[in-house]
$ cat upload_17.cif   # mmCIF, C-alpha atoms
data_model
#
loop_
_atom_site.label_atom_id
_atom_site.label_comp_id
_atom_site.auth_asym_id
_atom_site.auth_seq_id
_atom_site.Cartn_x
_atom_site.Cartn_y
_atom_site.Cartn_z
CA MET A 1 41.44 -87.67 -21.67
CA PHE A 2 39.09 -85.44 -19.69
CA SER A 3 41.23 -82.32 -20.27
CA THR A 4 41.28 -83.00 -24.01
CA LEU A 5 37.48 -83.28 -24.05
CA LEU A 6 37.13 -80.06 -22.05
CA ARG A 7 39.33 -78.13 -24.49
CA SER A 8 37.28 -79.45 -27.36
CA LEU A 9 34.04 -78.28 -25.75
CA VAL A 10 35.50 -74.83 -25.11
CA LEU A 11 36.61 -74.52 -28.72
CA LEU A 12 33.19 -75.64 -29.90
CA TYR A 13 31.49 -73.06 -27.63
CA LEU A 14 33.72 -70.26 -28.92
CA THR A 15 32.97 -71.29 -32.47
CA VAL A 16 29.19 -71.36 -32.03
CA ILE A 17 28.63 -68.44 -29.60
CA PRO A 18 29.63 -65.00 -30.92
CA ILE A 19 31.77 -62.82 -28.67
CA HIS A 20 30.17 -59.42 -28.04
CA ALA A 21 33.01 -56.97 -27.60
CA GLN A 22 32.67 -53.88 -25.45
CA LEU A 23 31.83 -50.75 -27.42
CA ALA A 24 34.85 -48.73 -28.40
CA LEU A 25 35.40 -45.77 -26.14
CA PRO A 26 35.17 -42.36 -27.83
CA TYR A 27 38.29 -40.47 -28.81
CA PRO A 28 39.12 -37.93 -27.66
CA PRO A 29 37.67 -39.11 -24.37
CA TYR A 30 35.13 -37.09 -22.41
CA ILE A 31 36.80 -35.59 -19.35
CA PRO A 32 34.63 -33.82 -16.76
CA PRO A 33 35.61 -30.17 -16.52
CA ASN A 34 37.73 -29.09 -13.62
CA LEU A 35 35.43 -27.91 -10.84
CA ALA A 36 37.87 -25.14 -10.04
CA ASP A 37 37.22 -23.65 -13.49
CA GLY A 38 33.77 -22.68 -12.28
CA VAL A 39 35.19 -19.92 -10.09
CA LEU A 40 37.42 -18.39 -12.74
CA ARG A 41 36.51 -14.97 -14.09
CA THR A 42 36.34 -14.56 -17.84
CA SER A 43 38.44 -11.89 -19.49
CA GLN A 44 35.32 -10.00 -20.62
CA PRO A 45 33.16 -8.61 -17.78
CA LYS A 46 29.81 -9.26 -19.50
CA VAL A 47 30.68 -12.78 -20.67
CA PRO A 48 29.84 -15.40 -18.01
CA ASN A 49 31.92 -18.41 -17.15
CA PRO A 50 30.83 -21.14 -19.63
CA GLN A 51 30.37 -23.68 -16.84
CA TRP A 52 27.73 -21.50 -15.23
CA SER A 53 26.09 -20.82 -18.58
CA ASN A 54 25.92 -24.55 -19.26
CA MET A 55 24.47 -25.24 -15.83
CA LEU A 56 21.78 -22.60 -16.30
CA GLY A 57 20.94 -24.05 -19.69
CA ASN A 58 20.76 -27.56 -18.23
CA LEU A 59 18.39 -26.42 -15.50
CA LEU A 60 15.96 -24.98 -18.05
CA TYR A 61 16.37 -28.06 -20.26
CA PHE A 62 15.26 -30.18 -17.29
CA TYR A 63 11.88 -28.47 -17.29
CA GLU A 64 11.55 -29.04 -21.02
CA ALA A 65 12.06 -32.74 -20.37
CA GLN A 66 9.15 -32.63 -17.90
CA ARG A 67 6.62 -31.22 -20.35
CA SER A 68 3.17 -32.70 -20.65
CA GLY A 69 0.60 -32.16 -23.38
CA PRO A 70 0.99 -31.42 -27.10
CA LEU A 71 4.62 -30.53 -27.69
CA PRO A 72 5.66 -27.71 -30.03
CA SER A 73 7.95 -28.11 -33.04
CA THR A 74 10.70 -26.46 -30.98
CA ASN A 75 10.89 -29.40 -28.56
CA ARG A 76 14.56 -30.18 -27.85
CA VAL A 77 14.10 -33.45 -25.95
CA PRO A 78 14.10 -36.32 -28.48
CA TRP A 79 12.62 -38.93 -26.15
CA ARG A 80 9.76 -36.75 -24.87
CA ASN A 81 6.50 -37.15 -26.80
CA SER A 82 3.14 -35.39 -26.82
CA SER A 83 1.15 -37.07 -24.06
CA THR A 84 -1.87 -36.96 -21.72
CA LEU A 85 -3.93 -35.18 -24.36
CA ASN A 86 -7.23 -35.82 -22.59
CA ASP A 87 -6.39 -34.17 -19.27
CA GLY A 88 -9.35 -32.20 -17.95
CA LYS A 89 -12.00 -33.87 -20.09
CA ASP A 90 -13.52 -35.44 -16.99
CA VAL A 91 -14.50 -31.94 -15.84
CA GLY A 92 -15.15 -30.42 -19.26
CA LEU A 93 -11.90 -28.42 -19.36
CA ASP A 94 -8.65 -28.43 -21.28
CA LEU A 95 -6.01 -29.18 -18.65
CA THR A 96 -3.40 -30.41 -21.12
CA GLY A 97 0.09 -28.98 -20.91
CA GLY A 98 2.03 -28.07 -17.82
CA TYR A 99 4.76 -30.13 -16.24
CA PHE A 100 4.88 -33.67 -14.95
CA ASP A 101 5.97 -34.00 -11.36
CA ALA A 102 9.50 -35.34 -10.71
CA GLY A 103 9.79 -38.79 -12.31
CA ASP A 104 6.04 -39.35 -12.22
CA PHE A 105 3.19 -38.34 -14.51
CA ILE A 106 0.85 -36.52 -12.14
CA LYS A 107 0.53 -32.74 -12.41
CA ALA A 108 0.50 -31.01 -9.03
CA THR A 109 -0.27 -27.31 -8.70
CA PHE A 110 1.19 -26.68 -5.24
CA PRO A 111 4.85 -27.57 -5.97
CA LEU A 112 4.61 -26.13 -9.49
CA SER A 113 3.55 -22.77 -8.04
CA ALA A 114 6.54 -22.81 -5.70
CA SER A 115 8.93 -23.51 -8.59
CA LEU A 116 7.52 -20.77 -10.80
CA GLN A 117 7.53 -18.26 -7.95
CA SER A 118 11.17 -19.01 -7.09
CA ILE A 119 12.38 -18.88 -10.67
CA CYS A 120 10.62 -15.58 -11.38
CA TRP A 121 12.02 -14.09 -8.18
CA GLY A 122 15.53 -15.20 -9.13
CA ALA A 123 15.18 -13.90 -12.68
CA THR A 124 14.04 -10.55 -11.28
CA ASP A 125 17.06 -10.25 -8.96
CA PHE A 126 19.70 -11.72 -11.26
CA GLY A 127 18.22 -11.36 -14.72
CA GLU A 128 21.43 -10.17 -16.34
CA GLY A 129 22.80 -13.67 -15.82
CA TYR A 130 20.11 -15.16 -18.06
CA ASP A 131 20.77 -12.49 -20.67
CA ALA A 132 24.53 -12.97 -20.60
CA ALA A 133 24.20 -16.76 -20.83
CA ASN A 134 21.83 -16.41 -23.81
CA GLN A 135 19.13 -18.31 -21.89
CA THR A 136 16.43 -15.64 -21.58
CA ALA A 137 14.37 -16.98 -24.49
CA TYR A 138 14.41 -20.44 -22.90
CA LEU A 139 13.48 -18.91 -19.55
CA ASP A 140 10.48 -17.21 -21.18
CA ASP A 141 9.50 -20.48 -22.87
CA MET A 142 9.82 -22.46 -19.65
CA LEU A 143 7.82 -19.97 -17.58
CA ARG A 144 5.00 -19.60 -20.10
CA TRP A 145 4.61 -23.38 -20.38
CA GLY A 146 3.98 -23.53 -16.65
CA LEU A 147 2.09 -20.27 -16.23
CA ASP A 148 -0.24 -20.88 -19.16
CA TRP A 149 -1.20 -24.22 -17.64
CA LEU A 150 -1.65 -22.64 -14.22
CA MET A 151 -4.08 -20.18 -15.79
CA LYS A 152 -5.99 -23.12 -17.30
CA ALA A 153 -6.11 -24.66 -13.83
CA HIS A 154 -7.75 -21.46 -12.55
CA PRO A 155 -10.88 -21.31 -14.73
CA SER A 156 -12.87 -19.06 -12.39
CA ASN A 157 -12.20 -16.75 -9.45
CA ASN A 158 -12.77 -19.34 -6.71
CA THR A 159 -11.79 -22.55 -8.46
CA LEU A 160 -8.27 -23.96 -8.74
CA TYR A 161 -7.37 -27.44 -9.95
CA VAL A 162 -4.63 -28.76 -7.70
CA LEU A 163 -4.01 -32.27 -9.05
CA VAL A 164 -4.40 -34.13 -12.33
CA GLY A 165 -3.86 -37.86 -12.16
CA ASN A 166 -4.24 -40.57 -9.57
CA THR A 167 -1.19 -40.88 -7.34
CA ASP A 168 -1.69 -44.58 -6.58
CA VAL A 169 -2.10 -45.53 -10.23
CA ASP A 170 0.76 -43.30 -11.27
CA ASP A 171 3.16 -44.59 -8.62
CA ALA A 172 2.55 -48.14 -9.84
CA TYR A 173 3.40 -47.28 -13.46
CA TRP A 174 7.01 -47.52 -14.58
CA GLY A 175 7.01 -46.75 -18.26
CA GLY A 176 7.25 -44.14 -20.97
CA ASP A 177 4.95 -41.27 -21.83
CA GLN A 178 3.05 -43.14 -24.57
CA ASN A 179 1.30 -45.60 -22.29
CA ILE A 180 0.49 -43.53 -19.23
CA PRO A 181 -2.59 -45.00 -17.49
CA THR A 182 -5.64 -43.09 -18.64
CA PHE A 183 -7.37 -42.88 -15.27
CA ARG A 184 -6.41 -39.25 -14.69
CA PRO A 185 -9.05 -37.50 -12.56
CA SER A 186 -8.95 -33.75 -12.00
CA TYR A 187 -9.18 -32.47 -8.42
CA GLN A 188 -10.19 -28.92 -7.49
CA ILE A 189 -10.47 -26.61 -4.52
CA ASN A 190 -13.32 -24.10 -4.53
CA ASP A 191 -15.23 -21.63 -2.40
CA THR A 192 -16.90 -24.24 -0.18
CA HIS A 193 -13.97 -26.69 -0.20
CA PRO A 194 -10.97 -24.34 -0.20
CA GLY A 195 -7.24 -24.71 0.13
CA THR A 196 -5.67 -21.55 1.48
CA ASP A 197 -2.11 -22.70 0.87
CA ALA A 198 -2.65 -23.81 -2.74
CA ALA A 199 -4.62 -20.69 -3.67
CA ALA A 200 -2.12 -18.37 -1.97
CA GLY A 201 0.82 -20.27 -3.43
CA ALA A 202 -0.55 -19.90 -6.95
CA SER A 203 -1.23 -16.22 -6.27
CA ALA A 204 2.39 -15.77 -5.17
CA ALA A 205 3.62 -17.44 -8.37
CA PHE A 206 1.48 -15.19 -10.55
CA SER A 207 2.57 -12.07 -8.63
CA ALA A 208 6.28 -12.93 -8.78
CA CYS A 209 6.06 -13.58 -12.51
CA ALA A 210 3.94 -10.46 -13.13
CA ILE A 211 6.74 -8.51 -11.42
CA LEU A 212 9.30 -10.11 -13.74
CA TYR A 213 7.31 -9.55 -16.93
CA SER A 214 6.61 -5.93 -15.95
CA ASN A 215 10.38 -5.40 -15.52
CA LYS A 216 9.94 -4.20 -11.93
CA SER A 217 13.36 -4.35 -10.27
CA PHE A 218 14.21 -4.29 -6.58
CA GLY A 219 17.17 -2.05 -7.41
CA GLY A 220 20.10 -1.65 -5.04
CA PRO A 221 22.68 -4.43 -5.30
CA PHE A 222 20.53 -6.53 -7.62
CA SER A 223 20.77 -6.65 -11.38
CA SER A 224 17.98 -5.68 -13.73
CA PRO A 225 15.36 -8.36 -14.46
CA ALA A 226 15.82 -10.74 -17.37
CA SER A 227 14.93 -9.07 -20.67
CA LEU A 228 11.50 -10.53 -21.33
CA GLN A 229 9.27 -7.57 -20.52
CA ASN A 230 5.70 -7.99 -21.76
CA SER A 231 3.17 -5.67 -20.13
CA SER A 232 0.04 -7.37 -21.48
CA TYR A 233 1.21 -10.78 -20.23
CA ALA A 234 2.15 -9.21 -16.87
CA ASP A 235 -1.35 -7.75 -16.56
CA LYS A 236 -2.89 -11.15 -17.27
CA LEU A 237 -0.76 -12.79 -14.59
CA LEU A 238 -1.55 -10.06 -12.10
CA SER A 239 -5.29 -10.53 -12.62
CA HIS A 240 -5.00 -14.20 -11.67
CA ALA A 241 -2.81 -13.27 -8.68
CA GLN A 242 -5.42 -10.87 -7.33
CA GLN A 243 -8.31 -13.29 -7.81
CA LEU A 244 -6.47 -16.14 -6.12
CA TYR A 245 -5.39 -14.00 -3.18
CA SER A 246 -8.99 -12.95 -2.63
CA PHE A 247 -10.02 -16.62 -2.86
CA ALA A 248 -7.39 -17.61 -0.27
CA VAL A 249 -8.49 -14.91 2.16
CA ASN A 250 -12.24 -14.87 1.70
CA ALA A 251 -13.41 -18.42 0.85
CA THR A 252 -16.71 -19.17 2.57
CA GLY A 253 -15.29 -22.57 3.55
CA GLY A 254 -12.71 -20.83 5.72
CA GLN A 255 -8.93 -21.04 5.72
CA LYS A 256 -7.42 -24.52 5.72
CA THR A 257 -4.74 -26.68 4.10
CA TYR A 258 -5.75 -27.92 0.70
CA GLN A 259 -5.43 -31.63 1.48
CA THR A 260 -8.35 -31.11 3.88
CA SER A 261 -10.51 -30.52 0.80
CA VAL A 262 -8.57 -32.85 -1.54
CA PRO A 263 -7.35 -35.85 0.48
CA ALA A 264 -6.01 -37.47 -2.70
CA VAL A 265 -3.03 -35.11 -2.66
CA ALA A 266 -2.03 -35.70 0.97
CA ALA A 267 0.37 -38.59 0.37
CA SER A 268 2.36 -36.82 -2.34
CA TYR A 269 2.23 -33.09 -1.69
CA GLY A 270 0.40 -32.42 1.55
CA SER A 271 1.02 -29.01 3.03
CA THR A 272 2.29 -28.40 6.56
CA SER A 273 0.56 -25.04 6.94
CA TYR A 274 -1.01 -22.26 4.92
CA THR A 275 0.44 -19.43 7.00
CA ASP A 276 3.67 -19.00 5.03
CA GLU A 277 1.95 -19.08 1.63
CA LEU A 278 -0.65 -16.53 2.74
CA THR A 279 2.04 -14.15 4.00
CA LEU A 280 4.14 -14.59 0.86
CA ALA A 281 1.14 -14.02 -1.40
CA ALA A 282 0.26 -10.74 0.35
CA LEU A 283 3.88 -9.58 0.23
CA LEU A 284 4.47 -10.29 -3.46
CA LEU A 285 1.11 -8.85 -4.44
CA SER A 286 1.95 -5.69 -2.50
CA TRP A 287 5.12 -5.26 -4.55
CA ALA A 288 3.36 -6.06 -7.83
CA THR A 289 0.64 -3.47 -7.14
CA ASN A 290 2.64 -1.01 -5.01
CA SER A 291 0.11 -1.48 -2.20
CA THR A 292 1.08 -0.30 1.26
CA ALA A 293 -2.09 -1.91 2.64
CA LEU A 294 -1.08 -5.35 1.37
CA TYR A 295 2.45 -4.87 2.69
CA GLN A 296 1.04 -4.09 6.12
CA GLN A 297 -1.25 -7.11 5.83
CA ALA A 298 1.77 -9.30 5.11
CA GLN A 299 3.54 -7.93 8.18
CA ASN A 300 0.44 -8.60 10.27
CA TYR A 301 0.30 -12.19 9.03
CA TYR A 302 4.00 -12.64 9.82
CA ASN A 303 3.48 -11.53 13.40
CA LYS A 304 0.11 -13.23 13.90
CA PHE A 305 1.40 -16.59 12.70
CA GLN A 306 4.69 -16.19 14.65
CA LEU A 307 6.87 -16.92 11.64
CA ALA A 308 10.04 -15.29 13.00
CA GLY A 309 12.86 -17.46 14.27
CA GLN A 310 12.13 -20.51 12.10
CA ASN A 311 15.07 -22.41 10.69
CA GLY A 312 13.79 -24.88 8.10
CA VAL A 313 14.78 -24.95 4.44
CA PHE A 314 13.08 -23.01 1.67
CA ASN A 315 11.21 -25.49 -0.51
CA TRP A 316 7.84 -26.27 -2.08
CA ASP A 317 6.18 -26.64 1.34
CA SER A 318 8.20 -24.19 3.45
CA LYS A 319 8.23 -20.57 2.25
CA THR A 320 8.99 -18.94 5.60
CA PRO A 321 12.78 -18.55 5.07
CA ALA A 322 12.08 -16.41 2.01
CA LEU A 323 9.92 -13.92 3.86
CA ALA A 324 12.57 -11.98 5.80
CA VAL A 325 14.71 -11.72 2.66
CA LEU A 326 11.81 -10.40 0.61
CA PHE A 327 10.68 -8.02 3.35
CA ALA A 328 14.24 -6.67 3.51
CA GLN A 329 14.44 -6.23 -0.26
CA MET A 330 11.18 -4.34 -0.36
CA SER A 331 12.04 -2.18 2.67
CA GLN A 332 15.31 -1.23 1.02
CA SER A 333 13.72 -0.52 -2.36
CA ASN A 334 10.65 1.44 -1.25
CA SER A 335 10.60 3.30 2.05
CA ASN A 336 6.96 4.20 1.46
CA PHE A 337 5.98 0.72 2.61
CA GLY A 338 7.10 1.63 6.11
CA GLY A 339 9.13 -1.52 6.62
CA ASN A 340 12.03 -1.62 9.07
CA LEU A 341 15.03 -2.69 7.01
CA SER A 342 17.20 -3.34 10.07
CA ILE A 343 14.72 -5.80 11.61
CA TRP A 344 14.23 -7.77 8.40
CA ARG A 345 17.92 -7.81 7.52
CA ASN A 346 18.82 -9.06 11.00
CA GLU A 347 16.25 -11.86 10.76
CA ALA A 348 17.52 -12.91 7.32
CA GLU A 349 21.14 -12.85 8.51
CA ARG A 350 20.23 -14.84 11.63
CA TYR A 351 18.75 -17.55 9.43
CA PHE A 352 21.70 -17.76 7.05
CA ASP A 353 24.28 -17.57 9.86
CA ARG A 354 22.71 -20.63 11.50
CA ILE A 355 23.03 -22.53 8.23
CA LEU A 356 26.68 -21.57 7.75
CA ASN A 357 27.48 -22.38 11.36
CA THR A 358 25.49 -25.66 11.33
CA GLN A 359 23.40 -24.51 14.28
CA GLY A 360 19.97 -25.54 13.02
CA PRO A 361 18.22 -28.25 11.04
CA GLY A 362 19.19 -26.49 7.82
CA TYR A 363 22.87 -26.77 6.86
CA MET A 364 25.17 -26.81 3.86
CA THR A 365 26.57 -30.08 2.55
CA ARG A 366 30.14 -30.29 1.27
CA GLY A 367 28.70 -30.25 -2.23
CA GLY A 368 26.94 -26.95 -1.60
CA LEU A 369 23.36 -28.20 -1.14
CA LEU A 370 21.07 -26.86 1.56
CA ARG A 371 19.89 -29.84 3.56
CA SER A 372 17.43 -30.28 6.40
CA GLY A 373 17.16 -33.77 7.88
CA THR A 374 16.62 -35.98 4.84
CA ALA A 375 15.20 -33.28 2.57
CA PHE A 376 17.18 -31.26 0.08
CA ALA A 377 16.13 -27.76 -0.93
#
$ encode --input "upload_17.cif" --output "structure tokens"
Amino acid sequence: MFSTLLRSLVLLYLTVIPIHAQLALPYPPYIPPNLADGVLRTSQPKVPNPQWSNMLGNLLYFYEAQRSGPLPSTNRVPWRNSSTLNDGKDVGLDLTGGYFDAGDFIKATFPLSASLQSICWGATDFGEGYDAANQTAYLDDMLRWGLDWLMKAHPSNNTLYVLVGNTDVDDAYWGGDQNIPTFRPSYQINDTHPGTDAAAGASAAFSACAILYSNKSFGGPFSSPASLQNSSYADKLLSHAQQLYSFAVNATGGQKTYQTSVPAVAASYGSTSYTDELTLAALLLSWATNSTALYQQAQNYYNKFQLAGQNGVFNWDSKTPALAVLFAQMSQSNSNFGGNLSIWRNEAERYFDRILNTQGPGYMTRGGLLRSGTAFA
């Protein structure tokens, strides 16, 4: 009797409650490409492996997905909307645009500068790869979106906005870009409340990108820069680089980390030291302007701050590993600077050998990432 009643209830349930079938799987099915295909040479020397072209395109698409401000008609990301259109109004400026940070909605100058500097350096050394992958136009678009905002954030010689948004409010918000909390204050460093690292980091970004847009190659084993030469834009970037370097060096408030002046940024993007950014800024500006004096100043900083022998990763906070490589490139490309190629090459090789031999905090994972402790570069 009980079993008969149970069957009846089951039949009734199946009759009343619809069955939601799993979605049909696509045909033909998506199969991840064979990783080994990524190392295969194409039959045509100037045609890159499509896996690498796709990866390069995906990396640039990532930045497009991070865009803030009024989006252009060429936006490729269907779920990204124009947003944060009042940024900067609290200080009487237009600070719209730029890139959101990671998965959040703050805009932080210090890590953005590091990203732009690295990408411009890479596109200077290996620009033919962007050209061959048909990604140079997207590279130009990505860089200008960030650089144009960085210029907005530098409205005068000794003023740089380093943060837009409140980190506590932003961290508590888990939602889309149409309802971002509107409490978005703008934080600046200036002559009396400076930030040597942030000013020098922005200067380095402008110098590296001025080098790229002026088509200034390091020569030797490196390819020509990506084909986006624009001398007037390069001059504009260089002007900001020079002003910011002077600000970093000569601020009446002295030389200090920028979170000293803007404590609001300490929890998210506090800087360990300004010494690496200051050295990098002098070095890149020396190459952008062909200045032996600035090159010598960079060498003096390197020695004064005892930057040799460090083994951390190269990331938004740690620029030191890049210095020996860049010094070596410049010494090889222009002997007039007076650099000792052997010394810089040995220091760069020492750093990379320790990574490959897992002898320091920086090491390679099996997946090919450079890792230091719990931080990925």
$ closest_residue --input "upload_17.cif" --among "A:Ser82, A:Thr279, A:Ser217, A:Leu370" --to "Gln306 in chain A" --atoms "all atoms listed in the file"
A:Thr279
$ resolve_selection --input "upload_17.cif" --expression "the PyMOL selection byres ((chain A and resi 286) around 10)" --output "list in words"
Ser207, Leu280, Ala281, Ala282, Leu283, Leu284, Leu285, Trp287, Ala288, Thr289, Asn290, Ser291, Thr292, Ala293, Leu294, Tyr295, Gln296, Gln297, Ala298, Met330 and Phe337 of chain A
$ write_last_selection --input "upload_17.cif" --atoms "C-alpha atoms" --output "PDB file, in the frame of the given file"
ATOM      1  CA  SER A 207       2.570 -12.070  -8.630  1.00  0.00           C
ATOM      2  CA  LEU A 280       4.140 -14.590   0.860  1.00  0.00           C
ATOM      3  CA  ALA A 281       1.140 -14.020  -1.400  1.00  0.00           C
ATOM      4  CA  ALA A 282       0.260 -10.740   0.350  1.00  0.00           C
ATOM      5  CA  LEU A 283       3.880  -9.580   0.230  1.00  0.00           C
ATOM      6  CA  LEU A 284       4.470 -10.290  -3.460  1.00  0.00           C
ATOM      7  CA  LEU A 285       1.110  -8.850  -4.440  1.00  0.00           C
ATOM      8  CA  TRP A 287       5.120  -5.260  -4.550  1.00  0.00           C
ATOM      9  CA  ALA A 288       3.360  -6.060  -7.830  1.00  0.00           C
ATOM     10  CA  THR A 289       0.640  -3.470  -7.140  1.00  0.00           C
ATOM     11  CA  ASN A 290       2.640  -1.010  -5.010  1.00  0.00           C
ATOM     12  CA  SER A 291       0.110  -1.480  -2.200  1.00  0.00           C
ATOM     13  CA  THR A 292       1.080  -0.300   1.260  1.00  0.00           C
ATOM     14  CA  ALA A 293      -2.090  -1.910   2.640  1.00  0.00           C
ATOM     15  CA  LEU A 294      -1.080  -5.350   1.370  1.00  0.00           C
ATOM     16  CA  TYR A 295       2.450  -4.870   2.690  1.00  0.00           C
ATOM     17  CA  GLN A 296       1.040  -4.090   6.120  1.00  0.00           C
ATOM     18  CA  GLN A 297      -1.250  -7.110   5.830  1.00  0.00           C
ATOM     19  CA  ALA A 298       1.770  -9.300   5.110  1.00  0.00           C
ATOM     20  CA  MET A 330      11.180  -4.340  -0.360  1.00  0.00           C
ATOM     21  CA  PHE A 337       5.980   0.720   2.610  1.00  0.00           C
TER      22      PHE A 337
END
$ resolve_selection --input "upload_17.cif" --expression "the PyMOL selection byres ((chain A and resi 197) around 6)" --output "VMD selection string"
chain A and resid 195 to 196 198 to 201 257 274 277
$ atom_distance --input "upload_17.cif" --atom1 "CA of Ser333 in chain A" --atom2 "CA of Pro48 in chain A"
26.9 Å
$ atom_distance --input "upload_17.cif" --atom1 "CA of Leu56 in chain A" --atom2 "CA of Ala123 in chain A"
11.5 Å
$ closest_residue --input "upload_17.cif" --among "A:Ala241, A:Ile106, A:Leu150, A:Val325" --to "Ser83 in chain A" --atoms "only C-alpha atoms"
A:Ile106
$ closest_residue --input "upload_17.cif" --among "A:Thr192, A:Ser43, A:Ser203, A:Asn230" --to "Leu112 in chain A" --atoms "all atoms listed in the file"
A:Ser203
$ closest_residue --input "upload_17.cif" --among "A:Phe183, A:Tyr258, A:Pro29, A:Ser227" --to "Leu212 in chain A" --atoms "all atoms listed in the file"
A:Ser227
$ resolve_selection --input "upload_17.cif" --expression "the PyMOL selection byres ((chain A and resi 124-141) around 8)" --output "list in words"
Lys46, Val47, Pro48, Ser53, Leu56, Gly57, Leu60, Cys120, Trp121, Gly122, Ala123, Met142, Leu143, Arg144, Trp145, Ile211, Leu212, Asn215, Lys216, Ser217, Phe218, Phe222, Ser223, Ser224, Pro225, Ala226, Ser227 and Leu228 of chain A
$ atom_distance --input "upload_17.cif" --atom1 "CA of His193 in chain A" --atom2 "CA of Ala205 in chain A"
21.5 Å
$ residues_near_point --input "upload_17.cif" --point "(-6.2, -38.8, -18.2)" --cutoff "9 Å" --atoms "only C-alpha atoms" --output "list in words"
Thr84, Leu85, Asn86, Asp87, Gly88, Lys89, Asp90, Val164, Gly165, Ile180, Pro181, Thr182, Phe183, Arg184, Pro185 and Ser186 of chain A
$ closest_residue --input "upload_17.cif" --among "A:Gln242, A:Asn49, A:Thr109, A:Gln255" --to "Gln188 in chain A" --atoms "all atoms listed in the file"
A:Thr109
$ axis_aligned_box --input "upload_17.cif" --around "range 172-176 of chain A" --padding-each-side "6 Å" --output "JSON"
{"center_x": 4.9, "center_y": -46.1, "center_z": -15.4, "size_x": 16.7, "size_y": 16.0, "size_z": 23.1}
$ residues_around --input "upload_17.cif" --residues "Phe247 in chain A" --least-positions-apart "2" --cutoff "7 Å" --atoms "only C-alpha atoms" --output "list in words"
Asn157, Asn158, Ala199, Gln243, Leu244, Tyr245, Val249, Asn250 and Ala251 of chain A
$ closest_atom_pairs --input "upload_17.cif" --of "range 247-319 of chain A" --to "range 167-177 of chain A" --cutoff "10 Å" --atoms "all atoms listed in the file" --output "tab-separated table"
residue	atom	partner	partner_atom	distance
A:Ala264	CA	A:Thr167	CA	7.5
A:Val265	CA	A:Thr167	CA	7.7
A:Ala266	CA	A:Thr167	CA	9.8
A:Ala267	CA	A:Thr167	CA	8.2
A:Ser268	CA	A:Thr167	CA	7.4
$ closest_residue --input "upload_17.cif" --among "A:Gln329, A:Gln44, A:Asn190, A:Asn300" --to "Ser261 in chain A" --atoms "only C-alpha atoms"
A:Asn190
$ residues_near_point --input "upload_17.cif" --point "(11.9, -22.0, 5.3)" --cutoff "12 Å" --atoms "all atoms listed in the file" --output "PyMOL selection string"
chain A and resi 272-273+275-277+280+307-325+348+351-352+355+360-362+370-372+376-377
$ write_last_selection --input "upload_17.cif" --atoms "C-alpha atoms" --output "PDB file, in the frame of the given file"
ATOM      1  CA  THR A 272       2.290 -28.400   6.560  1.00  0.00           C
ATOM      2  CA  SER A 273       0.560 -25.040   6.940  1.00  0.00           C
ATOM      3  CA  THR A 275       0.440 -19.430   7.000  1.00  0.00           C
ATOM      4  CA  ASP A 276       3.670 -19.000   5.030  1.00  0.00           C
ATOM      5  CA  GLU A 277       1.950 -19.080   1.630  1.00  0.00           C
ATOM      6  CA  LEU A 280       4.140 -14.590   0.860  1.00  0.00           C
ATOM      7  CA  LEU A 307       6.870 -16.920  11.640  1.00  0.00           C
ATOM      8  CA  ALA A 308      10.040 -15.290  13.000  1.00  0.00           C
ATOM      9  CA  GLY A 309      12.860 -17.460  14.270  1.00  0.00           C
ATOM     10  CA  GLN A 310      12.130 -20.510  12.100  1.00  0.00           C
ATOM     11  CA  ASN A 311      15.070 -22.410  10.690  1.00  0.00           C
ATOM     12  CA  GLY A 312      13.790 -24.880   8.100  1.00  0.00           C
ATOM     13  CA  VAL A 313      14.780 -24.950   4.440  1.00  0.00           C
ATOM     14  CA  PHE A 314      13.080 -23.010   1.670  1.00  0.00           C
ATOM     15  CA  ASN A 315      11.210 -25.490  -0.510  1.00  0.00           C
ATOM     16  CA  TRP A 316       7.840 -26.270  -2.080  1.00  0.00           C
ATOM     17  CA  ASP A 317       6.180 -26.640   1.340  1.00  0.00           C
ATOM     18  CA  SER A 318       8.200 -24.190   3.450  1.00  0.00           C
ATOM     19  CA  LYS A 319       8.230 -20.570   2.250  1.00  0.00           C
ATOM     20  CA  THR A 320       8.990 -18.940   5.600  1.00  0.00           C
ATOM     21  CA  PRO A 321      12.780 -18.550   5.070  1.00  0.00           C
ATOM     22  CA  ALA A 322      12.080 -16.410   2.010  1.00  0.00           C
ATOM     23  CA  LEU A 323       9.920 -13.920   3.860  1.00  0.00           C
ATOM     24  CA  ALA A 324      12.570 -11.980   5.800  1.00  0.00           C
ATOM     25  CA  VAL A 325      14.710 -11.720   2.660  1.00  0.00           C
ATOM     26  CA  ALA A 348      17.520 -12.910   7.320  1.00  0.00           C
ATOM     27  CA  TYR A 351      18.750 -17.550   9.430  1.00  0.00           C
ATOM     28  CA  PHE A 352      21.700 -17.760   7.050  1.00  0.00           C
ATOM     29  CA  ILE A 355      23.030 -22.530   8.230  1.00  0.00           C
ATOM     30  CA  GLY A 360      19.970 -25.540  13.020  1.00  0.00           C
ATOM     31  CA  PRO A 361      18.220 -28.250  11.040  1.00  0.00           C
ATOM     32  CA  GLY A 362      19.190 -26.490   7.820  1.00  0.00           C
ATOM     33  CA  LEU A 370      21.070 -26.860   1.560  1.00  0.00           C
ATOM     34  CA  ARG A 371      19.890 -29.840   3.560  1.00  0.00           C
ATOM     35  CA  SER A 372      17.430 -30.280   6.400  1.00  0.00           C
ATOM     36  CA  PHE A 376      17.180 -31.260   0.080  1.00  0.00           C
ATOM     37  CA  ALA A 377      16.130 -27.760  -0.930  1.00  0.00           C
TER      38      ALA A 377
END
$ residues_around --input "upload_17.cif" --residues "Ala234 in chain A" --least-positions-apart "3" --cutoff "9 Å" --atoms "all atoms listed in the file" --output "ChimeraX atom specification"
/A:206-207,209-214,229-231,237-239
